[in-house]
file structure.txt (compact mmCIF, C-alpha atoms)
# COMPACT_ATOMS: atom_id res chain seq x y z
CA HIS J 22 89.30 -130.94 -99.84
CA CYS J 23 86.54 -130.21 -97.30
CA LEU J 24 87.48 -133.27 -95.21
CA ARG J 25 91.14 -132.26 -95.22
CA ARG J 26 90.30 -128.77 -94.01
CA THR J 27 88.20 -130.21 -91.18
CA LEU J 28 91.03 -132.47 -90.01
CA LEU J 29 93.49 -129.62 -90.11
CA ARG J 30 91.24 -127.47 -87.97
CA ARG J 31 90.79 -130.24 -85.37
CA ARG J 32 94.44 -131.19 -85.24
CA PRO J 33 95.81 -130.13 -81.79
CA MET J 34 98.70 -127.72 -81.69
CA LYS J 35 101.78 -129.25 -80.09
CA ASN J 36 104.98 -127.67 -78.85
CA PHE J 37 103.47 -124.21 -79.01
CA TYR J 38 106.10 -121.81 -77.65
CA VAL J 39 104.94 -118.83 -75.64
CA PRO J 40 107.78 -116.36 -74.98
CA ARG J 41 108.15 -115.40 -71.31
CA ARG J 42 107.87 -111.79 -70.44
CA ARG J 43 110.97 -110.19 -69.09
CA PRO J 44 110.49 -108.61 -65.66
CA ARG J 45 110.21 -104.88 -65.87
CA PRO J 46 112.99 -102.94 -64.17
CA ARG J 47 111.96 -101.62 -60.78
CA ALA J 48 111.01 -97.99 -60.95
CA PRO J 49 113.03 -95.71 -58.67
CA VAL J 50 111.30 -94.64 -55.49
CA GLU J 51 110.13 -91.09 -55.72
CA PRO J 52 109.22 -88.87 -52.80
CA GLU J 53 105.53 -88.65 -52.07
CA ALA J 54 104.29 -85.10 -51.62
CA PRO J 55 100.59 -84.29 -51.44
CA PRO J 56 99.66 -81.59 -53.97
CA SER J 57 98.10 -79.53 -51.18
CA ARG J 58 101.37 -79.26 -49.26
CA LEU J 59 102.85 -75.80 -49.57
CA PRO J 60 106.59 -75.18 -50.06
CA PRO J 61 108.63 -74.10 -47.03
CA VAL J 62 108.35 -70.47 -46.00
CA GLY J 63 111.02 -68.56 -44.10
CA GLU J 64 111.99 -65.07 -43.05
CA VAL J 65 114.99 -63.50 -41.33
CA ARG J 66 115.31 -60.48 -39.03
CA VAL J 67 112.10 -61.27 -37.17
CA VAL J 68 113.36 -60.56 -33.61
CA SER J 69 114.50 -56.98 -33.05
CA ASP J 70 116.73 -57.50 -29.99
CA ALA J 71 118.63 -60.50 -31.39
CA THR J 72 121.93 -60.52 -33.29
CA GLY J 73 120.26 -62.72 -35.89
CA SER J 74 116.89 -64.40 -36.13
CA ALA J 75 114.69 -66.40 -38.47
CA SER J 76 111.32 -68.08 -38.71
CA PHE J 77 110.66 -71.21 -40.74
CA GLU J 78 107.43 -72.98 -41.63
CA SER J 79 107.12 -76.33 -43.36
CA GLY J 80 104.08 -78.57 -43.59
CA GLY J 81 102.27 -76.85 -40.74
CA THR J 82 105.27 -76.82 -38.40
CA ARG J 83 106.31 -73.30 -37.38
CA VAL J 84 109.50 -72.47 -35.50
CA LEU J 85 111.42 -69.37 -34.47
CA VAL J 86 115.16 -69.08 -33.72
CA ALA J 87 116.98 -66.09 -32.22
CA VAL J 88 120.79 -65.89 -32.01
CA ARG J 89 122.53 -63.83 -29.33
CA LEU J 90 126.21 -63.33 -28.57
CA ARG J 91 127.56 -62.94 -25.06
CA PRO J 92 131.01 -63.08 -23.44
CA ALA J 93 132.00 -66.41 -21.95
CA THR J 94 132.12 -66.63 -18.18
CA HIS J 95 135.37 -67.38 -16.36
CA GLN J 96 134.31 -70.98 -15.79
CA GLY J 97 133.44 -71.42 -19.43
CA PHE J 98 136.45 -69.59 -20.91
CA SER J 99 137.72 -71.02 -24.18
CA ALA J 100 140.19 -69.85 -26.80
CA GLU J 101 137.51 -70.71 -29.37
CA GLY J 102 133.91 -69.65 -29.28
CA ARG J 103 131.25 -71.97 -27.95
CA LEU J 104 127.81 -72.69 -29.36
CA GLU J 105 124.79 -73.44 -27.20
CA ALA J 106 121.27 -74.41 -28.29
CA GLU J 107 118.08 -74.56 -26.29
CA VAL J 108 114.74 -75.68 -27.70
CA ARG J 109 111.40 -74.91 -26.10
CA ILE J 110 108.02 -76.18 -27.33
CA VAL J 111 104.88 -74.12 -26.86
CA GLY J 112 102.57 -76.02 -24.56
CA ALA J 113 105.39 -78.04 -23.02
CA SER J 114 107.66 -75.64 -21.13
CA ALA J 115 107.82 -72.49 -23.26
CA LEU J 116 105.54 -70.62 -20.86
CA ASP J 117 108.10 -71.12 -18.09
CA PRO J 118 111.58 -70.54 -19.62
CA THR J 119 113.26 -71.12 -16.26
CA GLY J 120 111.57 -74.48 -15.71
CA PRO J 121 113.08 -77.87 -16.55
CA ARG J 122 113.07 -78.97 -20.15
CA THR J 123 111.19 -82.05 -21.32
CA ALA J 124 113.00 -85.09 -22.75
CA GLN J 125 111.90 -84.14 -26.27
CA GLU J 126 113.21 -80.60 -25.85
CA LYS J 127 116.58 -81.89 -24.63
CA ARG J 128 116.81 -84.30 -27.57
CA LEU J 129 115.95 -81.57 -30.08
CA SER J 130 118.44 -79.18 -28.44
CA ARG J 131 121.28 -81.69 -28.89
CA PHE J 132 120.28 -82.33 -32.49
CA VAL J 133 120.21 -78.63 -33.42
CA HIS J 134 123.54 -78.02 -31.66
CA ASP J 135 125.32 -80.91 -33.38
CA ALA J 136 123.79 -80.13 -36.78
CA VAL J 137 124.86 -76.47 -37.03
CA GLN J 138 128.04 -76.40 -34.92
CA ALA J 139 130.25 -77.48 -37.81
CA SER J 140 128.96 -74.62 -39.98
CA VAL J 141 130.14 -71.79 -37.69
CA GLN J 142 133.78 -70.68 -37.60
CA LEU J 143 134.01 -70.65 -33.81
CA ARG J 144 137.78 -70.09 -33.90
CA GLU J 145 137.01 -66.55 -35.04
CA LEU J 146 134.97 -65.93 -31.86
CA PRO J 147 137.34 -66.35 -28.91
CA LYS J 148 135.84 -65.85 -25.45
CA MET J 149 132.34 -65.67 -26.94
CA VAL J 150 129.23 -67.81 -26.64
CA VAL J 151 126.76 -68.12 -29.52
CA GLU J 152 123.32 -68.80 -28.06
CA LEU J 153 120.56 -70.34 -30.15
CA ASN J 154 117.15 -69.77 -28.56
CA CYS J 155 114.69 -71.96 -30.45
CA LEU J 156 110.92 -71.95 -30.06
CA VAL J 157 108.52 -74.47 -31.61
CA ILE J 158 105.29 -72.54 -32.13
CA GLU J 159 103.37 -75.31 -33.86
CA ALA J 160 104.43 -78.95 -34.21
CA ALA J 161 102.95 -80.78 -37.20
CA GLY J 162 105.81 -83.10 -38.21
CA GLY J 163 109.45 -82.62 -39.17
CA ILE J 164 110.25 -80.53 -36.08
CA ALA J 165 113.98 -81.29 -36.03
CA ALA J 166 114.42 -80.39 -39.71
CA ALA J 167 112.48 -77.14 -39.35
CA LEU J 168 114.54 -76.13 -36.30
CA VAL J 169 117.87 -76.69 -38.05
CA ASN J 170 116.73 -74.85 -41.18
CA ALA J 171 115.62 -71.90 -39.06
CA ALA J 172 118.85 -72.02 -37.03
CA THR J 173 121.10 -71.91 -40.10
CA LEU J 174 119.08 -68.96 -41.47
CA ALA J 175 119.40 -67.13 -38.15
CA LEU J 176 123.15 -67.76 -38.01
CA ALA J 177 123.55 -66.44 -41.55
CA ASP J 178 121.52 -63.39 -40.54
CA THR J 179 124.06 -62.54 -37.81
CA GLY J 180 126.83 -61.97 -40.35
CA LEU J 181 129.16 -64.38 -38.54
CA GLU J 182 131.75 -66.19 -40.61
CA MET J 183 130.37 -69.58 -41.63
CA TYR J 184 131.55 -72.54 -43.66
CA GLY J 185 128.11 -72.93 -45.24
CA LEU J 186 124.44 -73.57 -44.63
CA THR J 187 123.01 -76.79 -43.18
CA PRO J 188 119.86 -77.75 -45.11
CA THR J 189 117.94 -80.51 -43.35
CA CYS J 190 115.13 -82.84 -44.38
CA THR J 191 113.02 -85.63 -42.86
CA LEU J 192 111.90 -88.92 -44.44
CA ALA J 193 109.11 -91.16 -43.18
CA PHE J 194 109.09 -94.82 -44.24
CA LEU J 195 105.49 -96.07 -44.47
CA LYS J 196 104.57 -99.74 -44.85
CA GLY J 197 102.34 -100.85 -47.69
CA GLU J 198 99.19 -102.92 -47.42
CA ASN J 199 99.66 -106.30 -45.73
CA GLY J 200 103.20 -105.27 -44.90
CA LYS J 201 104.31 -105.45 -48.56
CA GLY J 202 106.00 -102.62 -50.42
CA GLY J 203 105.97 -99.19 -48.92
CA THR J 204 106.27 -95.48 -49.52
CA ILE J 205 108.91 -92.94 -48.57
CA VAL J 206 107.46 -89.54 -47.70
CA VAL J 207 109.63 -86.42 -47.72
CA ASP J 208 108.86 -83.80 -45.05
CA PRO J 209 106.04 -85.89 -43.54
CA SER J 210 103.12 -84.61 -41.49
CA LEU J 211 102.70 -85.57 -37.85
CA SER J 212 100.19 -88.31 -38.70
CA GLU J 213 102.57 -89.75 -41.32
CA GLU J 214 105.40 -89.80 -38.79
CA GLN J 215 103.17 -91.62 -36.32
CA ARG J 216 102.21 -94.23 -38.92
CA ALA J 217 105.78 -94.71 -40.17
CA HIS J 218 107.83 -97.70 -39.09
CA ALA J 219 110.98 -95.53 -39.34
CA VAL J 220 111.81 -91.81 -39.57
CA LEU J 221 115.13 -90.39 -40.78
CA THR J 222 116.33 -86.79 -40.41
CA LEU J 223 119.50 -85.73 -42.24
CA SER J 224 121.49 -82.48 -42.01
CA MET J 225 124.06 -81.61 -44.65
CA LEU J 226 126.80 -78.98 -44.72
CA SER J 227 126.81 -77.24 -48.06
CA PRO J 228 128.98 -76.82 -50.00
CA GLY J 229 130.65 -80.20 -49.76
CA LYS J 230 127.53 -82.25 -48.95
CA LYS J 231 128.97 -83.55 -45.70
CA ALA J 232 126.50 -84.96 -43.20
CA THR J 233 126.63 -83.05 -39.93
CA GLN J 234 123.91 -84.94 -38.10
CA VAL J 235 121.67 -87.97 -38.65
CA LEU J 236 118.69 -88.90 -36.48
CA SER J 237 116.94 -92.22 -37.03
CA THR J 238 114.02 -93.67 -35.12
CA GLY J 239 112.26 -96.99 -35.62
CA ALA J 240 113.32 -100.08 -37.54
CA LEU J 241 115.19 -98.93 -40.64
CA SER J 242 116.48 -101.74 -42.85
CA THR J 243 119.57 -101.51 -45.02
CA GLU J 244 117.46 -101.73 -48.19
CA ALA J 245 115.16 -98.93 -47.04
CA LEU J 246 118.17 -96.78 -46.15
CA ARG J 247 119.68 -97.42 -49.58
CA GLU J 248 116.47 -96.25 -51.24
CA GLY J 249 115.95 -93.31 -48.91
CA LEU J 250 119.37 -91.68 -48.96
CA PRO J 251 119.20 -90.46 -52.59
CA LEU J 252 115.81 -88.93 -51.82
CA ALA J 253 117.19 -87.26 -48.72
CA LEU J 254 120.12 -85.79 -50.66
CA ARG J 255 117.82 -84.40 -53.35
CA SER J 256 115.51 -82.98 -50.72
CA CYS J 257 118.44 -81.29 -48.95
CA ASP J 258 119.52 -79.78 -52.29
CA ALA J 259 116.01 -78.39 -52.81
CA THR J 260 115.96 -77.04 -49.25
CA LEU J 261 119.33 -75.39 -49.80
CA LEU J 262 117.97 -73.52 -52.81
CA ARG J 263 115.00 -72.38 -50.74
CA LEU J 264 117.25 -71.17 -47.90
CA ARG J 265 119.34 -69.17 -50.35
CA GLU J 266 116.21 -67.62 -51.83
CA ILE J 267 115.08 -66.51 -48.37
CA LEU J 268 118.44 -64.90 -47.59
CA LEU J 269 118.61 -63.25 -51.02
CA ALA J 270 115.12 -61.82 -50.61
CA ALA J 271 116.18 -60.28 -47.26
CA VAL J 272 119.23 -58.64 -48.86
CA GLU J 273 117.29 -57.30 -51.83
CA GLY J 274 114.44 -56.13 -49.60
call {"tool": "encode", "arguments": {"input": "structure.txt", "output": "structure tokens"}}
result
Amino acid sequence: HCLRRTLLRRRPMKNFYVPRRRPRPRAPVEPEAPPSRLPPVGEVRVVSDATGSASFESGGTRVLVAVRLRPATHQGFSAEGRLEAEVRIVGASALDPTGPRTAQEKRLSRFVHDAVQASVQLRELPKMVVELNCLVIEAAGGIAAALVNAATLALADTGLEMYGLTPTCTLAFLKGENGKGGTIVVDPSLSEEQRAHAVLTLSMLSPGKKATQVLSTGALSTEALREGLPLALRSCDATLLRLREILLAAVEG
């Protein structure tokens, strides 16, 4: 019996089947937000001589938007109202309002104009011009999104008829180590934008969730866009709730 047990112990195991592990499903990409980052802060009725105004602060970026109405000139007469937007950045040309605008200011002005124009019922404002005077007080990332969020608050503060608000968010696509993987950051800081290989800013008209403006810089692949869009939509929904809270607080106050 002892010899038999020894032989059995020494007998090699053949055809031993090891089941292969099934690959785990890929976890959905979630927005990265440092715990120290504060939620957006906004306020309306901050400029006394404007028809409507608002300030907005997000991630260290602070902007101010004032809305003024004026009659259209003879050369610019239109049966519908017209919307104009001008962005100035402190330290660039804000100290000289009559001076030429920088390339960045012109680009931001076009973005703000195109993002909010669809939200205003300009047909109800014949022979009128709606001026958006935007000032970037501090730039720390996500400037375009902060400007549009402040602009839609200021327009709502005027009491003009609108189709809805235009919540806006920014995504930064960061590469992982050795170029593998990556992270999508919502409302990135300036340093995160500079390190990103692509940055996406999306404006939505709510209700309806129709995109009014999209700004993309860098190399953005189809796969990255497919992963980033759901995050952008959720971020715009969260921003919309915050914008409504700011307006409600102004009414109740």
call {"tool": "atom_distance", "arguments": {"input": "structure.txt", "atom1": "CA of Ala160 (chain J)", "atom2": "CA of Arg131 (chain J)"}}
result
17.9 Å
call {"tool": "closest_residue", "arguments": {"input": "structure.txt", "among": "J:Met225, J:Ala271, J:Ala75, J:Ala232", "to": "Cys257 (chain J)", "atoms": "only C-alpha atoms"}}
result
J:Met225
call {"tool": "atom_distance", "arguments": {"input": "structure.txt", "atom1": "CA of Ala217 (chain J)", "atom2": "CA of Leu129 (chain J)"}}
result
19.4 Å
call {"tool": "closest_residue", "arguments": {"input": "structure.txt", "among": "J:Ser256, J:Asn170, J:Thr82, J:Thr238", "to": "Ile158 (chain J)", "atoms": "only C-alpha atoms"}}
result
J:Thr82
call {"tool": "atom_distance", "arguments": {"input": "structure.txt", "atom1": "CA of Ala219 (chain J)", "atom2": "CA of Leu254 (chain J)"}}
result
17.5 Å
call {"tool": "closest_residue", "arguments": {"input": "structure.txt", "among": "J:Cys155, J:Val65, J:Leu146, J:Leu104", "to": "Val84 (chain J)", "atoms": "all atoms listed in the file"}}
result
J:Cys155
call {"tool": "closest_residue", "arguments": {"input": "structure.txt", "among": "J:Gly197, J:Pro147, J:Pro251, J:Pro228", "to": "Ser99 (chain J)", "atoms": "all atoms listed in the file"}}
result
J:Pro147
call {"tool": "closest_residue", "arguments": {"input": "structure.txt", "among": "J:Val133, J:Val111, J:Pro188, J:Leu168", "to": "Leu262 (chain J)", "atoms": "all atoms listed in the file"}}
result
J:Pro188
call {"tool": "closest_residue", "arguments": {"input": "structure.txt", "among": "J:Ser212, J:Thr179, J:Ser76, J:Ser130", "to": "Ile267 (chain J)", "atoms": "only C-alpha atoms"}}
result
J:Ser76
call {"tool": "closest_atom_pairs", "arguments": {"input": "structure.txt", "of": "region 218-265 of chain J", "to": "region 171-175 of chain J", "cutoff": "12 Å", "atoms": "only C-alpha atoms", "output": "JSON lines"}}
result
{"residue": "J:Ser224", "atom": "CA", "partner": "J:Thr173", "partner_atom": "CA", "distance": 10.7}
{"residue": "J:Met225", "atom": "CA", "partner": "J:Thr173", "partner_atom": "CA", "distance": 11.1}
{"residue": "J:Leu226", "atom": "CA", "partner": "J:Thr173", "partner_atom": "CA", "distance": 10.2}
{"residue": "J:Ser227", "atom": "CA", "partner": "J:Thr173", "partner_atom": "CA", "distance": 11.2}
{"residue": "J:Thr260", "atom": "CA", "partner": "J:Ala171", "partner_atom": "CA", "distance": 11.4}
{"residue": "J:Leu261", "atom": "CA", "partner": "J:Thr173", "partner_atom": "CA", "distance": 10.5}
{"residue": "J:Arg263", "atom": "CA", "partner": "J:Leu174", "partner_atom": "CA", "distance": 10.7}
{"residue": "J:Leu264", "atom": "CA", "partner": "J:Leu174", "partner_atom": "CA", "distance": 7.0}
{"residue": "J:Arg265", "atom": "CA", "partner": "J:Leu174", "partner_atom": "CA", "distance": 8.9}
call {"tool": "decode", "arguments": {"input": "structure.txt", "residues": "region 183-198 of chain J", "atoms": "all heavy atoms", "output": "PDB file, in the first residue's frame"}}
result
ATOM      1  N   MET J 183     -37.316  83.941 -24.782  1.00  0.00           N
ATOM      2  CA  MET J 183     -36.276  83.002 -25.182  1.00  0.00           C
ATOM      3  C   MET J 183     -36.872  81.621 -25.397  1.00  0.00           C
ATOM      4  O   MET J 183     -37.920  81.285 -24.844  1.00  0.00           O
ATOM      5  CB  MET J 183     -35.177  82.935 -24.113  1.00  0.00           C
ATOM      6  CG  MET J 183     -34.464  84.257 -23.862  1.00  0.00           C
ATOM      7  SD  MET J 183     -33.265  84.137 -22.504  1.00  0.00           S
ATOM      8  CE  MET J 183     -32.108  82.925 -23.178  1.00  0.00           C
ATOM      9  N   TYR J 184     -36.195  80.845 -26.218  1.00  0.00           N
ATOM     10  CA  TYR J 184     -36.603  79.455 -26.432  1.00  0.00           C
ATOM     11  C   TYR J 184     -36.075  78.547 -25.327  1.00  0.00           C
ATOM     12  O   TYR J 184     -36.601  77.452 -25.119  1.00  0.00           O
ATOM     13  CB  TYR J 184     -36.094  78.960 -27.782  1.00  0.00           C
ATOM     14  CG  TYR J 184     -36.713  79.670 -28.957  1.00  0.00           C
ATOM     15  CD1 TYR J 184     -35.984  80.604 -29.688  1.00  0.00           C
ATOM     16  CD2 TYR J 184     -38.033  79.416 -29.337  1.00  0.00           C
ATOM     17  CE1 TYR J 184     -36.547  81.259 -30.771  1.00  0.00           C
ATOM     18  CE2 TYR J 184     -38.609  80.066 -30.413  1.00  0.00           C
ATOM     19  CZ  TYR J 184     -37.856  80.994 -31.128  1.00  0.00           C
ATOM     20  OH  TYR J 184     -38.425  81.653 -32.190  1.00  0.00           O
ATOM     21  N   GLY J 185     -35.046  78.966 -24.637  1.00  0.00           N
ATOM     22  CA  GLY J 185     -34.467  78.166 -23.560  1.00  0.00           C
ATOM     23  C   GLY J 185     -33.075  78.661 -23.217  1.00  0.00           C
ATOM     24  O   GLY J 185     -32.572  79.626 -23.794  1.00  0.00           O
ATOM     25  N   LEU J 186     -32.455  77.985 -22.260  1.00  0.00           N
ATOM     26  CA  LEU J 186     -31.089  78.289 -21.865  1.00  0.00           C
ATOM     27  C   LEU J 186     -30.111  77.461 -22.691  1.00  0.00           C
ATOM     28  O   LEU J 186     -30.491  76.458 -23.304  1.00  0.00           O
ATOM     29  CB  LEU J 186     -30.887  78.006 -20.370  1.00  0.00           C
ATOM     30  CG  LEU J 186     -31.775  78.797 -19.401  1.00  0.00           C
ATOM     31  CD1 LEU J 186     -31.569  78.301 -17.978  1.00  0.00           C
ATOM     32  CD2 LEU J 186     -31.473  80.292 -19.495  1.00  0.00           C
ATOM     33  N   THR J 187     -28.849  77.884 -22.694  1.00  0.00           N
ATOM     34  CA  THR J 187     -27.821  77.169 -23.457  1.00  0.00           C
ATOM     35  C   THR J 187     -26.677  76.756 -22.536  1.00  0.00           C
ATOM     36  O   THR J 187     -25.614  77.388 -22.523  1.00  0.00           O
ATOM     37  CB  THR J 187     -27.272  78.040 -24.603  1.00  0.00           C
ATOM     38  OG1 THR J 187     -26.853  79.310 -24.069  1.00  0.00           O
ATOM     39  CG2 THR J 187     -28.325  78.273 -25.660  1.00  0.00           C
ATOM     40  N   PRO J 188     -26.877  75.701 -21.744  1.00  0.00           N
ATOM     41  CA  PRO J 188     -25.779  75.217 -20.892  1.00  0.00           C
ATOM     42  C   PRO J 188     -24.628  74.709 -21.755  1.00  0.00           C
ATOM     43  O   PRO J 188     -24.831  74.090 -22.796  1.00  0.00           O
ATOM     44  CB  PRO J 188     -26.429  74.080 -20.093  1.00  0.00           C
ATOM     45  CG  PRO J 188     -27.573  73.623 -20.950  1.00  0.00           C
ATOM     46  CD  PRO J 188     -28.075  74.857 -21.629  1.00  0.00           C
ATOM     47  N   THR J 189     -23.407  74.963 -21.299  1.00  0.00           N
ATOM     48  CA  THR J 189     -22.220  74.651 -22.085  1.00  0.00           C
ATOM     49  C   THR J 189     -21.167  74.024 -21.178  1.00  0.00           C
ATOM     50  O   THR J 189     -21.021  74.404 -20.017  1.00  0.00           O
ATOM     51  CB  THR J 189     -21.646  75.926 -22.731  1.00  0.00           C
ATOM     52  OG1 THR J 189     -22.677  76.551 -23.494  1.00  0.00           O
ATOM     53  CG2 THR J 189     -20.481  75.607 -23.652  1.00  0.00           C
ATOM     54  N   CYS J 190     -20.435  73.047 -21.719  1.00  0.00           N
ATOM     55  CA  CYS J 190     -19.382  72.395 -20.962  1.00  0.00           C
ATOM     56  C   CYS J 190     -18.169  72.180 -21.851  1.00  0.00           C
ATOM     57  O   CYS J 190     -18.253  72.252 -23.081  1.00  0.00           O
ATOM     58  CB  CYS J 190     -19.851  71.059 -20.381  1.00  0.00           C
ATOM     59  SG  CYS J 190     -20.046  69.771 -21.635  1.00  0.00           S
ATOM     60  N   THR J 191     -17.033  71.908 -21.212  1.00  0.00           N
ATOM     61  CA  THR J 191     -15.777  71.649 -21.921  1.00  0.00           C
ATOM     62  C   THR J 191     -15.203  70.324 -21.457  1.00  0.00           C
ATOM     63  O   THR J 191     -15.216  70.010 -20.262  1.00  0.00           O
ATOM     64  CB  THR J 191     -14.764  72.777 -21.657  1.00  0.00           C
ATOM     65  OG1 THR J 191     -15.284  74.005 -22.140  1.00  0.00           O
ATOM     66  CG2 THR J 191     -13.443  72.497 -22.367  1.00  0.00           C
ATOM     67  N   LEU J 192     -14.682  69.534 -22.397  1.00  0.00           N
ATOM     68  CA  LEU J 192     -13.997  68.275 -22.106  1.00  0.00           C
ATOM     69  C   LEU J 192     -12.563  68.363 -22.591  1.00  0.00           C
ATOM     70  O   LEU J 192     -12.299  68.888 -23.676  1.00  0.00           O
ATOM     71  CB  LEU J 192     -14.683  67.087 -22.796  1.00  0.00           C
ATOM     72  CG  LEU J 192     -16.158  66.812 -22.499  1.00  0.00           C
ATOM     73  CD1 LEU J 192     -16.600  65.568 -23.268  1.00  0.00           C
ATOM     74  CD2 LEU J 192     -16.401  66.640 -21.024  1.00  0.00           C
ATOM     75  N   ALA J 193     -11.642  67.839 -21.791  1.00  0.00           N
ATOM     76  CA  ALA J 193     -10.238  67.733 -22.187  1.00  0.00           C
ATOM     77  C   ALA J 193      -9.868  66.262 -22.248  1.00  0.00           C
ATOM     78  O   ALA J 193     -10.118  65.513 -21.294  1.00  0.00           O
ATOM     79  CB  ALA J 193      -9.340  68.478 -21.199  1.00  0.00           C
ATOM     80  N   PHE J 194      -9.279  65.839 -23.354  1.00  0.00           N
ATOM     81  CA  PHE J 194      -8.894  64.442 -23.567  1.00  0.00           C
ATOM     82  C   PHE J 194      -7.387  64.320 -23.305  1.00  0.00           C
ATOM     83  O   PHE J 194      -6.569  64.782 -24.102  1.00  0.00           O
ATOM     84  CB  PHE J 194      -9.244  63.996 -24.984  1.00  0.00           C
ATOM     85  CG  PHE J 194     -10.716  64.030 -25.281  1.00  0.00           C
ATOM     86  CD1 PHE J 194     -11.351  65.226 -25.598  1.00  0.00           C
ATOM     87  CD2 PHE J 194     -11.471  62.871 -25.227  1.00  0.00           C
ATOM     88  CE1 PHE J 194     -12.714  65.264 -25.875  1.00  0.00           C
ATOM     89  CE2 PHE J 194     -12.836  62.896 -25.506  1.00  0.00           C
ATOM     90  CZ  PHE J 194     -13.456  64.091 -25.823  1.00  0.00           C
ATOM     91  N   LEU J 195      -7.040  63.683 -22.192  1.00  0.00           N
ATOM     92  CA  LEU J 195      -5.646  63.535 -21.787  1.00  0.00           C
ATOM     93  C   LEU J 195      -5.151  62.140 -22.142  1.00  0.00           C
ATOM     94  O   LEU J 195      -5.860  61.149 -21.950  1.00  0.00           O
ATOM     95  CB  LEU J 195      -5.490  63.771 -20.284  1.00  0.00           C
ATOM     96  CG  LEU J 195      -6.032  65.095 -19.733  1.00  0.00           C
ATOM     97  CD1 LEU J 195      -5.810  65.155 -18.231  1.00  0.00           C
ATOM     98  CD2 LEU J 195      -5.363  66.266 -20.413  1.00  0.00           C
ATOM     99  N   LYS J 196      -3.917  62.054 -22.634  1.00  0.00           N
ATOM    100  CA  LYS J 196      -3.315  60.767 -22.954  1.00  0.00           C
ATOM    101  C   LYS J 196      -2.791  60.108 -21.692  1.00  0.00           C
ATOM    102  O   LYS J 196      -2.344  60.781 -20.767  1.00  0.00           O
ATOM    103  CB  LYS J 196      -2.173  60.949 -23.956  1.00  0.00           C
ATOM    104  CG  LYS J 196      -2.623  61.342 -25.357  1.00  0.00           C
ATOM    105  CD  LYS J 196      -1.448  61.409 -26.294  1.00  0.00           C
ATOM    106  CE  LYS J 196      -1.897  61.753 -27.718  1.00  0.00           C
ATOM    107  NZ  LYS J 196      -0.755  61.839 -28.656  1.00  0.00           N
ATOM    108  N   GLY J 197      -2.844  58.759 -21.695  1.00  0.00           N
ATOM    109  CA  GLY J 197      -2.295  58.023 -20.572  1.00  0.00           C
ATOM    110  C   GLY J 197      -0.789  57.875 -20.686  1.00  0.00           C
ATOM    111  O   GLY J 197      -0.147  58.419 -21.596  1.00  0.00           O
ATOM    112  N   GLU J 198      -0.206  57.119 -19.760  1.00  0.00           N
ATOM    113  CA  GLU J 198       1.230  56.898 -19.795  1.00  0.00           C
ATOM    114  C   GLU J 198       1.614  56.070 -21.014  1.00  0.00           C
ATOM    115  O   GLU J 198       0.932  55.120 -21.390  1.00  0.00           O
ATOM    116  CB  GLU J 198       1.677  56.176 -18.517  1.00  0.00           C
ATOM    117  CG  GLU J 198       1.436  56.987 -17.247  1.00  0.00           C
ATOM    118  CD  GLU J 198       1.923  56.267 -16.015  1.00  0.00           C
ATOM    119  OE1 GLU J 198       2.425  55.127 -16.180  1.00  0.00           O
ATOM    120  OE2 GLU J 198       1.814  56.824 -14.916  1.00  0.00           O
TER     121      GLU J 198
END
